[in-house]
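Enquirer: mmCIF, C-alpha atoms, saved as coords.cif, coming up:
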data_start
loop_
_atom_site.label_atom_id
_atom_site.label_comp_id
_atom_site.auth_asym_id
_atom_site.auth_seq_id
_atom_site.Cartn_x
_atom_site.Cartn_y
_atom_site.Cartn_z
CA MET Z 8 -20.83 -3.45 1.48
CA ARG Z 9 -21.42 -1.63 4.76
CA SER Z 10 -25.07 -2.03 5.82
CA TYR Z 11 -27.79 -4.62 6.23
CA SER Z 12 -29.89 -2.82 3.62
CA ASP Z 13 -27.10 -3.37 1.10
CA LEU Z 14 -27.29 -7.09 1.83
CA PHE Z 15 -31.02 -7.38 1.34
CA ARG Z 16 -30.86 -5.39 -1.89
CA THR Z 17 -28.47 -8.00 -3.28
CA PRO Z 18 -30.33 -10.37 -5.64
CA GLU Z 19 -31.02 -13.82 -4.13
CA PHE Z 20 -29.78 -12.92 -0.66
CA THR Z 21 -33.29 -12.56 0.76
CA PRO Z 22 -34.68 -15.92 -0.44
CA LEU Z 23 -31.54 -17.71 0.72
CA PHE Z 24 -31.85 -15.96 4.08
CA LEU Z 25 -35.54 -16.77 4.54
CA THR Z 26 -35.26 -20.43 3.55
CA SER Z 27 -32.29 -20.84 5.88
CA ALA Z 28 -34.40 -19.33 8.66
CA LEU Z 29 -37.13 -21.90 8.02
CA GLN Z 30 -34.58 -24.71 8.17
CA GLY Z 31 -33.11 -23.29 11.38
CA ALA Z 32 -36.55 -23.18 12.99
CA ALA Z 33 -37.22 -26.74 11.86
CA SER Z 34 -33.88 -27.85 13.30
CA THR Z 35 -34.54 -26.42 16.76
CA VAL Z 36 -38.17 -27.51 17.06
CA GLY Z 37 -37.41 -30.98 15.73
CA GLY Z 38 -34.18 -31.41 17.71
CA LEU Z 39 -35.76 -30.61 21.08
CA ALA Z 40 -38.77 -32.81 20.30
CA LEU Z 41 -36.56 -35.72 19.24
CA GLY Z 42 -34.23 -35.47 22.23
CA THR Z 43 -37.21 -35.43 24.58
CA LEU Z 44 -38.88 -38.35 22.77
CA VAL Z 45 -35.78 -40.52 23.02
CA TYR Z 46 -35.08 -39.57 26.64
CA ARG Z 47 -38.62 -40.43 27.67
CA ALA Z 48 -38.38 -43.77 25.87
CA THR Z 49 -34.93 -44.78 27.16
CA ASP Z 50 -34.13 -42.64 30.24
CA SER Z 51 -30.59 -42.48 28.83
CA PRO Z 52 -28.56 -39.24 28.73
CA LEU Z 53 -26.27 -40.85 26.13
CA LEU Z 54 -29.05 -41.79 23.71
CA SER Z 55 -30.80 -38.45 24.21
CA ALA Z 56 -27.59 -36.56 23.43
CA LEU Z 57 -26.87 -38.78 20.42
CA SER Z 58 -30.37 -38.33 19.03
CA MET Z 59 -29.87 -34.57 18.94
CA PHE Z 60 -26.24 -34.35 17.88
CA GLY Z 61 -25.06 -37.87 17.06
CA PRO Z 62 -26.20 -37.75 13.40
CA SER Z 63 -23.44 -35.20 12.93
CA LEU Z 64 -21.01 -38.12 13.15
CA ALA Z 65 -22.17 -39.08 9.66
CA GLN Z 66 -20.57 -35.84 8.52
CA VAL Z 67 -17.13 -37.44 8.68
CA LEU Z 68 -18.21 -40.00 6.10
CA GLY Z 69 -19.71 -37.29 3.92
CA ALA Z 70 -16.63 -35.11 4.26
CA THR Z 71 -14.42 -37.92 2.97
CA THR Z 72 -16.69 -39.11 0.14
CA LEU Z 73 -19.24 -36.51 -0.97
CA LEU Z 74 -17.71 -33.09 -0.33
CA SER Z 75 -16.32 -32.56 -3.82
CA ALA Z 76 -19.96 -32.32 -4.93
CA ALA Z 77 -20.40 -29.05 -2.99
CA ASP Z 78 -18.88 -27.07 -5.87
CA ARG Z 79 -19.92 -29.45 -8.66
CA LEU Z 80 -23.71 -29.71 -8.27
CA PRO Z 81 -26.32 -27.04 -9.17
CA PRO Z 82 -26.88 -25.07 -5.93
CA ARG Z 83 -30.66 -24.59 -6.25
CA ALA Z 84 -31.45 -28.21 -7.00
CA THR Z 85 -29.10 -29.45 -4.28
CA THR Z 86 -30.42 -27.20 -1.50
CA THR Z 87 -34.01 -28.03 -2.47
CA GLY Z 88 -33.27 -31.75 -2.42
CA ILE Z 89 -31.61 -31.57 0.99
CA ALA Z 90 -34.59 -29.73 2.50
CA LEU Z 91 -37.00 -32.29 1.02
CA ALA Z 92 -34.93 -35.16 2.42
CA PHE Z 93 -35.09 -33.62 5.89
CA ALA Z 94 -38.85 -33.06 5.61
CA LEU Z 95 -39.41 -36.73 4.80
CA GLY Z 96 -36.90 -38.02 7.37
CA THR Z 97 -38.25 -35.86 10.19
CA ALA Z 98 -41.81 -36.97 9.43
CA ALA Z 99 -40.64 -40.59 9.43
CA VAL Z 100 -39.11 -40.45 12.93
CA ALA Z 101 -42.45 -39.12 14.22
CA LEU Z 102 -44.20 -42.41 13.35
CA PRO Z 103 -45.65 -44.06 16.48
CA GLY Z 104 -44.00 -47.30 17.52
CA LEU Z 105 -40.83 -46.73 15.52
CA PRO Z 106 -37.95 -48.56 17.25
CA VAL Z 107 -35.11 -46.43 18.60
CA ALA Z 108 -32.68 -48.29 16.33
CA ALA Z 109 -34.75 -47.30 13.28
CA ILE Z 110 -34.80 -43.68 14.44
CA PHE Z 111 -31.01 -43.65 14.59
CA GLY Z 112 -30.79 -45.27 11.17
CA ILE Z 113 -32.88 -42.46 9.67
CA LEU Z 114 -30.86 -39.85 11.52
CA PHE Z 115 -27.60 -41.29 10.21
CA ALA Z 116 -28.91 -41.08 6.63
CA LEU Z 117 -29.97 -37.46 7.20
CA GLY Z 118 -26.55 -36.64 8.63
CA LEU Z 119 -24.93 -38.04 5.51
CA VAL Z 120 -27.19 -35.92 3.28
CA ALA Z 121 -26.47 -32.87 5.42
CA SER Z 122 -22.72 -33.19 4.82
CA LEU Z 123 -23.33 -31.38 1.52
CA GLY Z 124 -25.55 -28.70 3.00
CA GLY Z 125 -22.98 -26.38 4.56
CA GLY Z 126 -20.68 -26.34 1.55
CA VAL Z 127 -23.49 -25.70 -0.93
CA ARG Z 128 -25.25 -23.03 1.13
CA TRP Z 129 -22.21 -21.06 2.23
CA GLY Z 130 -20.52 -21.45 -1.13
CA LEU Z 131 -23.66 -19.97 -2.70
CA LEU Z 132 -23.63 -17.11 -0.19
CA ASN Z 133 -20.00 -16.45 -1.06
CA GLU Z 134 -21.01 -16.39 -4.73
CA ILE Z 135 -24.02 -14.11 -4.24
CA LEU Z 136 -22.20 -11.48 -2.17
CA PRO Z 137 -19.18 -9.41 -3.17
CA ARG Z 138 -15.90 -10.22 -1.48
CA ASP Z 139 -16.22 -7.50 1.15
CA GLY Z 140 -19.75 -8.59 2.05
CA TYR Z 141 -19.23 -12.16 3.21
CA LEU Z 142 -18.51 -11.45 6.89
CA LEU Z 143 -21.48 -9.07 7.20
CA GLY Z 144 -23.71 -11.53 5.36
CA ARG Z 145 -22.62 -14.47 7.47
CA SER Z 146 -23.11 -12.44 10.64
CA VAL Z 147 -26.71 -11.76 9.57
CA PHE Z 148 -27.23 -15.48 9.01
CA ASN Z 149 -25.80 -16.21 12.45
CA MET Z 150 -28.05 -13.57 14.02
CA MET Z 151 -31.00 -15.13 12.24
CA SER Z 152 -29.88 -18.50 13.58
CA GLY Z 153 -29.87 -17.12 17.11
CA ILE Z 154 -33.35 -15.64 16.73
CA THR Z 155 -34.81 -18.80 15.21
CA GLN Z 156 -33.22 -20.89 17.94
CA VAL Z 157 -34.66 -18.70 20.69
CA THR Z 158 -38.13 -18.82 19.15
CA GLY Z 159 -37.79 -22.41 17.94
CA TYR Z 160 -36.75 -23.81 21.30
CA ALA Z 161 -39.47 -21.79 23.03
CA ALA Z 162 -42.11 -23.04 20.59
CA GLY Z 163 -40.69 -26.56 20.67
CA GLY Z 164 -40.75 -26.56 24.46
CA VAL Z 165 -44.42 -25.55 24.43
CA LEU Z 166 -45.31 -28.23 21.88
CA VAL Z 167 -43.44 -30.91 23.83
CA ALA Z 168 -44.97 -29.91 27.16
CA VAL Z 169 -48.52 -29.15 26.05
CA VAL Z 170 -49.05 -31.59 23.18
CA SER Z 171 -46.36 -34.21 22.46
CA PRO Z 172 -42.86 -34.60 20.99
CA ARG Z 173 -44.32 -36.20 17.85
CA VAL Z 174 -46.37 -33.08 17.11
CA GLY Z 175 -43.15 -31.07 17.38
CA LEU Z 176 -41.50 -33.38 14.85
CA LEU Z 177 -44.39 -33.01 12.41
CA ALA Z 178 -44.22 -29.22 12.77
CA ALA Z 179 -40.50 -29.39 11.98
CA ALA Z 180 -41.20 -31.51 8.89
CA ALA Z 181 -43.68 -28.89 7.66
CA LEU Z 182 -41.05 -26.16 8.11
CA TYR Z 183 -38.51 -28.16 6.10
CA LEU Z 184 -41.09 -28.61 3.34
CA ALA Z 185 -41.71 -24.85 3.26
CA ALA Z 186 -37.94 -24.27 3.03
CA ALA Z 187 -37.72 -26.62 0.04
CA ALA Z 188 -40.52 -24.74 -1.74
CA GLY Z 189 -38.91 -21.37 -0.97
CA THR Z 190 -35.54 -22.51 -2.30
CA ARG Z 191 -37.02 -23.87 -5.50
CA LEU Z 192 -39.09 -20.75 -6.20
CA GLY Z 193 -36.84 -18.03 -4.78
CA LEU Z 194 -33.38 -18.89 -6.11
CA THR Z 195 -32.32 -18.73 -9.74
CA ARG Z 196 -30.74 -21.60 -11.57
CA ARG Z 197 -26.94 -21.43 -11.40
CA ALA Z 198 -24.24 -23.53 -12.92
CA PRO Z 199 -21.92 -25.43 -10.55
CA ARG Z 200 -18.93 -23.38 -9.36
CA ALA Z 201 -16.40 -26.00 -10.49
CA SER Z 202 -16.24 -28.35 -13.45
CA GLY Z 203 -15.80 -32.11 -13.46
CA ARG Z 204 -17.72 -34.92 -11.82
CA PRO Z 205 -17.77 -35.32 -8.04
CA SER Z 206 -15.68 -38.25 -6.86
CA ILE Z 207 -14.21 -39.70 -3.71
CA GLY Z 208 -10.69 -39.25 -5.10
CA ARG Z 209 -11.28 -35.58 -5.85
CA THR Z 210 -12.74 -35.08 -2.39
CA TRP Z 211 -9.66 -36.60 -0.76
CA ARG Z 212 -7.24 -34.58 -2.91
CA THR Z 213 -8.96 -31.28 -2.17
CA ASN Z 214 -9.23 -32.07 1.54
CA ALA Z 215 -5.50 -32.81 1.58
CA LEU Z 216 -4.76 -29.55 -0.24
CA LEU Z 217 -6.82 -27.49 2.19
CA TRP Z 218 -5.31 -29.26 5.19
CA SER Z 219 -1.70 -28.97 3.96
CA TYR Z 220 -1.34 -25.23 4.62
CA GLY Z 221 -0.36 -24.47 8.24
CA PRO Z 222 -2.35 -21.28 8.87
CA ARG Z 223 -5.49 -22.79 7.37
CA ARG Z 224 -5.00 -25.98 9.38
CA THR Z 225 -4.86 -23.97 12.61
CA VAL Z 226 -8.07 -22.16 11.66
CA TYR Z 227 -9.83 -25.46 11.04
CA LEU Z 228 -8.75 -26.87 14.39
CA LEU Z 229 -10.01 -23.78 16.23
CA LEU Z 230 -13.28 -23.89 14.30
CA TRP Z 231 -13.88 -27.56 15.04
CA ILE Z 232 -12.69 -28.67 18.46
CA PRO Z 233 -13.48 -25.98 21.10
CA ASN Z 234 -16.90 -25.43 19.51
CA GLY Z 235 -17.63 -29.16 19.35
CA LEU Z 236 -16.73 -29.77 22.99
CA ILE Z 237 -19.12 -27.04 24.15
CA VAL Z 238 -21.93 -28.38 22.00
CA GLY Z 239 -21.27 -31.58 23.95
CA CYS Z 240 -22.24 -29.58 27.03
CA GLU Z 241 -25.42 -28.39 25.32
CA SER Z 242 -26.31 -31.94 24.33
CA LEU Z 243 -26.86 -32.66 28.04
CA PHE Z 244 -29.43 -29.92 28.62
CA VAL Z 245 -32.32 -32.40 28.40
CA PRO Z 246 -30.99 -34.86 31.04
CA TYR Z 247 -29.62 -31.96 33.12
CA ALA Z 248 -33.01 -30.22 33.36
CA PRO Z 249 -35.70 -32.33 31.66
CA GLU Z 250 -38.49 -29.86 32.38
CA HIS Z 251 -36.50 -26.73 31.54
CA ALA Z 252 -34.27 -27.79 28.64
CA GLY Z 253 -36.06 -25.37 26.31
CA VAL Z 254 -35.11 -22.48 28.61
CA LEU Z 255 -31.45 -23.50 28.54
CA PHE Z 256 -31.40 -23.90 24.76
CA ALA Z 257 -33.15 -20.56 24.26
CA SER Z 258 -30.74 -18.81 26.64
CA ALA Z 259 -27.76 -20.24 24.78
CA ALA Z 260 -29.24 -19.13 21.48
CA PHE Z 261 -29.77 -15.61 22.83
CA GLY Z 262 -26.14 -15.43 23.93
CA MET Z 263 -25.01 -16.59 20.50
CA LEU Z 264 -27.14 -13.86 18.93
CA VAL Z 265 -25.46 -11.22 21.11
CA GLY Z 266 -22.03 -12.54 20.19
CA ASP Z 267 -22.79 -12.51 16.47
CA VAL Z 268 -24.17 -8.96 16.52
CA THR Z 269 -21.16 -7.76 18.49
CA THR Z 270 -18.65 -9.52 16.26
CA GLY Z 271 -20.22 -8.87 12.89
CA ARG Z 272 -21.50 -5.36 13.37
CA LEU Z 273 -20.03 -3.54 16.37
CA LEU Z 274 -16.34 -4.47 16.54
CA ALA Z 275 -13.75 -2.75 14.40
CA PRO Z 276 -11.70 -5.19 12.27
CA ARG Z 277 -8.51 -4.60 14.27
CA VAL Z 278 -10.27 -5.25 17.57
CA ARG Z 279 -12.17 -8.23 16.18
CA ALA Z 280 -8.96 -9.91 15.03
CA ARG Z 281 -7.65 -9.91 18.60
CA LEU Z 282 -10.74 -11.48 20.18
CA GLY Z 283 -10.74 -14.92 18.57
CA VAL Z 284 -9.02 -16.73 21.45
CA PRO Z 285 -10.70 -14.73 24.26
CA PHE Z 286 -14.09 -15.57 22.75
CA LEU Z 287 -13.18 -19.27 22.68
CA LEU Z 288 -12.22 -19.13 26.36
CA LEU Z 289 -15.48 -17.33 27.16
CA LEU Z 290 -17.31 -20.11 25.32
CA ALA Z 291 -16.09 -22.69 27.82
CA THR Z 292 -15.48 -21.13 31.23
CA PRO Z 293 -19.11 -20.60 32.41
CA TYR Z 294 -19.78 -24.34 32.01
CA LEU Z 295 -17.17 -25.07 34.69
CA LEU Z 296 -19.85 -24.07 37.23
CA PHE Z 297 -22.25 -26.81 36.19
CA ALA Z 298 -20.46 -29.34 38.42
CA LEU Z 299 -22.13 -27.47 41.31
CA HIS Z 300 -25.53 -28.09 39.68
CA PRO Z 301 -26.81 -24.49 39.98
CA GLY Z 302 -30.49 -23.67 39.72
CA ILE Z 303 -32.20 -23.09 36.41
CA ALA Z 304 -31.82 -19.27 36.55
CA VAL Z 305 -28.05 -19.41 37.12
CA SER Z 306 -27.67 -22.23 34.60
CA ALA Z 307 -29.53 -20.25 31.94
CA ALA Z 308 -27.38 -17.19 32.64
CA CYS Z 309 -24.19 -19.28 32.34
CA ALA Z 310 -25.37 -20.76 29.04
CA ALA Z 311 -26.19 -17.29 27.67
CA VAL Z 312 -22.85 -15.75 28.68
CA ALA Z 313 -20.90 -18.71 27.35
CA SER Z 314 -22.63 -18.64 23.97
CA VAL Z 315 -21.48 -15.08 23.33
CA GLY Z 316 -18.19 -16.84 22.62
CA PHE Z 317 -19.64 -18.47 19.51
CA GLY Z 318 -18.91 -15.10 17.85
CA SER Z 319 -15.38 -16.44 17.45
CA SER Z 320 -16.58 -18.56 14.53
CA LEU Z 321 -17.20 -15.43 12.44
CA ILE Z 322 -13.61 -14.35 12.97
CA GLN Z 323 -12.35 -17.77 11.97
CA GLN Z 324 -14.57 -18.01 8.90
CA GLU Z 325 -13.41 -14.63 7.65
CA ARG Z 326 -9.88 -15.87 8.11
CA LEU Z 327 -10.61 -19.13 6.29
CA MET Z 328 -11.99 -17.29 3.26
CA ALA Z 329 -8.92 -15.06 3.15
CA LEU Z 330 -6.72 -18.16 3.01
CA THR Z 331 -8.69 -20.13 0.39
CA PRO Z 332 -8.84 -19.88 -3.42
CA ASP Z 333 -12.21 -18.72 -4.74
CA GLU Z 334 -12.80 -21.91 -6.75
CA LEU Z 335 -12.41 -23.99 -3.58
CA GLY Z 336 -14.58 -21.77 -1.38
CA GLY Z 337 -17.57 -24.10 -1.26
CA HIS Z 338 -15.40 -27.13 -0.53
CA ALA Z 339 -13.47 -25.27 2.18
CA LEU Z 340 -16.67 -24.13 3.89
CA GLY Z 341 -18.14 -27.60 3.53
CA LEU Z 342 -15.07 -29.11 5.17
CA HIS Z 343 -15.44 -26.59 7.99
CA SER Z 344 -19.13 -27.42 8.42
CA SER Z 345 -18.64 -31.19 8.21
CA GLY Z 346 -15.66 -31.18 10.56
CA MET Z 347 -17.46 -28.98 13.06
CA LEU Z 348 -20.59 -31.13 13.01
CA THR Z 349 -18.54 -34.32 13.28
CA LEU Z 350 -16.76 -32.99 16.37
CA GLN Z 351 -20.11 -31.92 17.80
CA GLY Z 352 -21.50 -35.41 17.33
CA ALA Z 353 -18.41 -37.05 18.80
CA SER Z 354 -18.50 -34.63 21.72
CA ALA Z 355 -22.18 -35.43 22.34
CA ALA Z 356 -21.24 -39.13 22.50
CA VAL Z 357 -18.37 -38.46 24.90
CA ALA Z 358 -20.45 -36.11 27.06
CA GLY Z 359 -23.32 -38.58 27.20
CA SER Z 360 -20.95 -41.41 28.16
CA VAL Z 361 -19.38 -39.36 30.96
CA ALA Z 362 -22.86 -38.35 32.16
CA GLN Z 363 -23.87 -42.02 32.30
CA LEU Z 364 -20.96 -42.68 34.67
CA THR Z 365 -21.18 -39.48 36.73
CA SER Z 366 -23.89 -36.83 36.24
CA PRO Z 367 -24.85 -34.38 33.47
CA GLY Z 368 -23.42 -31.43 35.42
CA ALA Z 369 -20.08 -33.14 36.04
CA ALA Z 370 -19.86 -34.18 32.39
CA MET Z 371 -20.46 -30.60 31.25
CA THR Z 372 -17.60 -29.41 33.45
CA VAL Z 373 -15.30 -32.08 32.00
CA MET Z 374 -16.13 -30.99 28.43
CA ALA Z 375 -15.60 -27.32 29.28
CA THR Z 376 -12.22 -28.06 30.83
CA ALA Z 377 -11.19 -29.95 27.72
CA SER Z 378 -12.29 -27.02 25.52
CA VAL Z 379 -10.11 -24.57 27.46
CA ALA Z 380 -7.15 -26.94 27.24
CA VAL Z 381 -7.54 -27.50 23.49
CA THR Z 382 -7.87 -23.76 22.79
CA ALA Z 383 -4.66 -23.09 24.70
CA ALA Z 384 -2.76 -25.97 23.09
CA VAL Z 385 -3.76 -25.19 19.49
CA THR Z 386 -3.10 -21.48 19.92
CA LEU Z 387 0.34 -22.07 21.41
CA ALA Z 388 1.23 -24.66 18.77
CA GLY Z 389 0.11 -22.35 15.97
CA SER Z 390 2.04 -19.43 17.39
CA GLY Z 391 5.15 -21.54 17.79
CA SER Z 392 5.08 -22.69 14.16
CA GLY Z 393 4.15 -19.29 12.76
CA SER Z 394 0.81 -20.54 11.53
CA GLY Z 395 -1.27 -19.29 14.41
CA SER Z 396 -0.98 -15.77 13.13
CA GLY Z 397 -1.96 -16.81 9.67
CA SER Z 398 1.46 -16.27 8.19
CA GLY Z 399 2.17 -17.28 4.67
CA SER Z 400 2.10 -16.36 1.06
CA ARG Z 401 0.48 -18.26 -1.75
CA SER Z 402 0.16 -18.32 -5.47
CA ARG Z 403 -2.87 -19.83 -7.18
CA SER Z 404 -3.92 -20.87 -10.58
CA GLY Z 405 -7.38 -20.92 -12.06
CA SER Z 406 -7.29 -24.70 -12.29
CA GLY Z 407 -7.76 -25.03 -8.55
CA THR Z 408 -4.12 -25.78 -7.74
CA GLU Z 409 -2.32 -23.85 -5.11
CA THR Z 410 1.31 -23.34 -4.15
CA GLU Z 411 2.07 -22.05 -0.69
CA THR Z 412 5.10 -21.14 1.37
CA GLU Z 413 5.07 -20.08 4.98
CA THR Z 414 7.05 -16.93 5.57
CA GLY Z 415 6.30 -15.99 9.16
CA THR Z 416 5.25 -12.48 8.24
CA GLY Z 417 2.26 -12.35 10.56
CA THR Z 418 -0.38 -11.85 7.89
CA GLY Z 419 -2.54 -14.06 5.72
CA THR Z 420 -2.12 -13.12 2.10
CA GLY Z 421 -4.08 -14.25 -0.93
CA ASP Z 422 -6.52 -13.32 -3.63
CA ARG Z 423 -9.17 -12.69 -1.01
CA GLY Z 424 -7.00 -10.12 0.75
CA SER Z 425 -5.22 -10.32 4.09
CA VAL Z 426 -6.32 -10.30 7.68
CA PRO Z 427 -3.64 -9.04 10.06
CA GLY Z 428 -2.96 -10.53 13.42
CA SER Z 429 -3.90 -13.79 15.07
CA THR Z 430 -7.39 -14.80 14.01
CA PRO Z 431 -8.72 -18.12 15.34
CA GLU Z 432 -17.68 -20.49 12.43
CA SER Z 433 -20.55 -20.36 11.90
CA THR Z 434 -23.33 -22.49 12.35
CA PRO Z 435 -22.93 -21.57 13.62
CA HIS Z 436 -21.51 -20.88 13.92
CA GLN Z 437 -23.26 -23.09 16.35
CA ALA Z 438 -24.73 -25.91 14.42
CA LYS Z 439 -27.81 -27.40 15.88
CA PRO Z 440 -29.41 -30.83 15.51
CA LEU Z 441 -31.29 -31.77 12.35
CA SER Z 442 -29.87 -28.78 10.46
#
Do you think you could lay out the structure here as structure tokens?
Expert:
Amino acid sequence: MRSYSDLFRTPEFTPLFLTSALQGAASTVGGLALGTLVYRATDSPLLSALSMFGPSLAQVLGATTLLSAADRLPPRATTTGIALAFALGTAAVALPGLPVAAIFGILFALGLVASLGGGVRWGLLNEILPRDGYLLGRSVFNMMSGITQVTGYAAGGVLVAVVSPRVGLLAAAALYLAAAAGTRLGLTRRAPRASGRPSIGRTWRTNALLWSYGPRRTVYLLLWIPNGLIVGCESLFVPYAPEHAGVLFASAAFGMLVGDVTTGRLLAPRVRARLGVPFLLLLATPYLLFALHPGIAVSAACAAVASVGFGSSLIQQERLMALTPDELGGHALGLHSSGMLTLQGASAAVAGSVAQLTSPGAAMTVMATASVAVTAAVTLAGSGSGSGSGSGSRSRSGSGTETETETGTGTGTGDRGSVPGSTPESTPHQAKPLS
């Protein structure tokens, strides 16, 4: 599969793409409106950051209890139900007079529901597309995410400034409702990818299996931590520039779009495989300047340049799929999504706490410094153990079991093929609030 037209000719790709776009638009419009609503009510950078990204902390609970359902529930019904839950929850937080504690209770419940979303959606994409089409397909989804974030944050900023944050939340609820209808009508009914009933024990066993393999463990760490720390920087856009937060979010989304187009479409595979770590460093370094509190134009430019580095997630996701048995693809992608969102929520909490004690700009610099340090440490540790280059060989059985031995050959080998070289997600992939 070599072209975008090939993707859109694939049955079910277009409805999945369009409904995901609606959910992405709802996420950005609703996230900005909610962060502004909470900041105006509390004047707290911590609570504002947590309202936008804190619900992701519920992902850790979902990842340890619900994730086995990602491959064991009907995809159409599950994605429709998740979109409906977000429509209702987003409308509920728009109610006038709702206490801040009640808002966070609703957001926690939505975060728990969302822990299934990534595994179901990306597992379905992996099922719809042929094996050689996943990276191109995911890059299109990430480009769509960038476009919807640019337009969503621009529209959300207008709604917040001209009307009110609650109107923005109601608009987001309507978009989620449209996504639910599109999923129900546009996707065909499919059987679950794996047999058996979802259970906490099965979730734990599969998580342990996925985590036990060194090369895959390194990929997960590089997908989760550097990304999460930089989203902690983004969670401070509202307190950093209350009147121009939409500009900063839109600039970051534009940079992410450029990075995804470059990574998914323009770079040759051999070149792409070498850019995972440089992209992660690019993701963090521009935020080091925020301690100087530059003006809005320079800040927006820094956010845009930094977000090009989110293209690294495509490289890592391609690597993850090459290292994972087909029957565990949905669970593996769900673990990636849940872990990434959990780290983003935790990073938002840390960033907000540091901002409370210092300033938003200083806190962003602290988070960026930590991201650079983690990228260097994980990369060096992976290279030292042989897992950073994705070394290893594996044998699999159709029952979902997997036997692996690390051989230090410098390639990742498996039923999904191999990806040479050191390859350190998407979305995402920058994942945004209320997604």
Enquirer: Kindly indicate which residue among Z:Leu95, Z:Ser146, Z:Arg173, Z:Glu334 lies nearest to Asp267 in chain Z, using only C-alpha atoms for the distances.
Expert: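 Smallest separation from Asp267 in chain Z among the options: Z:Ser146.
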Enquirer: Pick out the closest residue to Ala180 in chain Z from this set: Z:Leu29, Z:Val379, Z:Gln156, Z:Gly112. Count only C-alpha atoms.
Expert: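 Between Z:Leu29, Z:Val379, Z:Gln156, Z:Gly112, the residue approaching Ala180 in chain Z most closely is Z:Leu29.
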Enquirer: Between Z:Arg224, Z:Arg197, Z:Arg209, Z:Arg277, which has the minimum distance to Val385 in chain Z (counting all atoms listed in the file)?
Expert: Z:Arg224
Enquirer: So how far away is CA of Ala307 in chain Z from CA of His251 in chain Z, in Å?
Expert: 9.5 Å
Enquirer: Show me the residues around (-12.0, -26.2, 16.9) - criterion: an atom at most 9 Å away, only C-alpha atoms counted - as a JSON list (two decimals) with C-alpha atoms, in the coordinates of the input.
Expert:
[["chain", "number", "residue", "atom", "x", "y", "z"],
["Z", 225, "THR", "CA", -4.86, -23.97, 12.61],
["Z", 226, "VAL", "CA", -8.07, -22.16, 11.66],
["Z", 227, "TYR", "CA", -9.83, -25.46, 11.04],
["Z", 228, "LEU", "CA", -8.75, -26.87, 14.39],
["Z", 229, "LEU", "CA", -10.01, -23.78, 16.23],
["Z", 230, "LEU", "CA", -13.28, -23.89, 14.30],
["Z", 231, "TRP", "CA", -13.88, -27.56, 15.04],
["Z", 232, "ILE", "CA", -12.69, -28.67, 18.46],
["Z", 233, "PRO", "CA", -13.48, -25.98, 21.10],
["Z", 234, "ASN", "CA", -16.90, -25.43, 19.51],
["Z", 235, "GLY", "CA", -17.63, -29.16, 19.35],
["Z", 236, "LEU", "CA", -16.73, -29.77, 22.99],
["Z", 346, "GLY", "CA", -15.66, -31.18, 10.56],
["Z", 347, "MET", "CA", -17.46, -28.98, 13.06],
["Z", 350, "LEU", "CA", -16.76, -32.99, 16.37],
["Z", 378, "SER", "CA", -12.29, -27.02, 25.52],
["Z", 381, "VAL", "CA", -7.54, -27.50, 23.49],
["Z", 382, "THR", "CA", -7.87, -23.76, 22.79],
["Z", 385, "VAL", "CA", -3.76, -25.19, 19.49],
["Z", 431, "PRO", "CA", -8.72, -18.12, 15.34]]
Enquirer: For the structure shown, which residues end up in the PyMOL selection byres ((chain Z and resi 161-165) around 12)? Put them as a CSV table (one decimal) with C-alpha atoms, in the frame of the given file, please?
Expert:
chain,number,residue,atom,x,y,z
Z,32,ALA,CA,-36.6,-23.2,13.0
Z,33,ALA,CA,-37.2,-26.7,11.9
Z,34,SER,CA,-33.9,-27.8,13.3
Z,35,THR,CA,-34.5,-26.4,16.8
Z,36,VAL,CA,-38.2,-27.5,17.1
Z,37,GLY,CA,-37.4,-31.0,15.7
Z,38,GLY,CA,-34.2,-31.4,17.7
Z,39,LEU,CA,-35.8,-30.6,21.1
Z,40,ALA,CA,-38.8,-32.8,20.3
Z,41,LEU,CA,-36.6,-35.7,19.2
Z,42,GLY,CA,-34.2,-35.5,22.2
Z,43,THR,CA,-37.2,-35.4,24.6
Z,154,ILE,CA,-33.4,-15.6,16.7
Z,155,THR,CA,-34.8,-18.8,15.2
Z,156,GLN,CA,-33.2,-20.9,17.9
Z,157,VAL,CA,-34.7,-18.7,20.7
Z,158,THR,CA,-38.1,-18.8,19.2
Z,159,GLY,CA,-37.8,-22.4,17.9
Z,160,TYR,CA,-36.8,-23.8,21.3
Z,166,LEU,CA,-45.3,-28.2,21.9
Z,167,VAL,CA,-43.4,-30.9,23.8
Z,168,ALA,CA,-45.0,-29.9,27.2
Z,169,VAL,CA,-48.5,-29.2,26.0
Z,170,VAL,CA,-49.0,-31.6,23.2
Z,171,SER,CA,-46.4,-34.2,22.5
Z,172,PRO,CA,-42.9,-34.6,21.0
Z,173,ARG,CA,-44.3,-36.2,17.8
Z,174,VAL,CA,-46.4,-33.1,17.1
Z,175,GLY,CA,-43.2,-31.1,17.4
Z,176,LEU,CA,-41.5,-33.4,14.8
Z,177,LEU,CA,-44.4,-33.0,12.4
Z,178,ALA,CA,-44.2,-29.2,12.8
Z,179,ALA,CA,-40.5,-29.4,12.0
Z,245,VAL,CA,-32.3,-32.4,28.4
Z,249,PRO,CA,-35.7,-32.3,31.7
Z,250,GLU,CA,-38.5,-29.9,32.4
Z,251,HIS,CA,-36.5,-26.7,31.5
Z,252,ALA,CA,-34.3,-27.8,28.6
Z,253,GLY,CA,-36.1,-25.4,26.3
Z,254,VAL,CA,-35.1,-22.5,28.6
Z,255,LEU,CA,-31.4,-23.5,28.5
Z,256,PHE,CA,-31.4,-23.9,24.8
Z,257,ALA,CA,-33.2,-20.6,24.3
Z,258,SER,CA,-30.7,-18.8,26.6
Z,259,ALA,CA,-27.8,-20.2,24.8
Z,260,ALA,CA,-29.2,-19.1,21.5
Z,261,PHE,CA,-29.8,-15.6,22.8
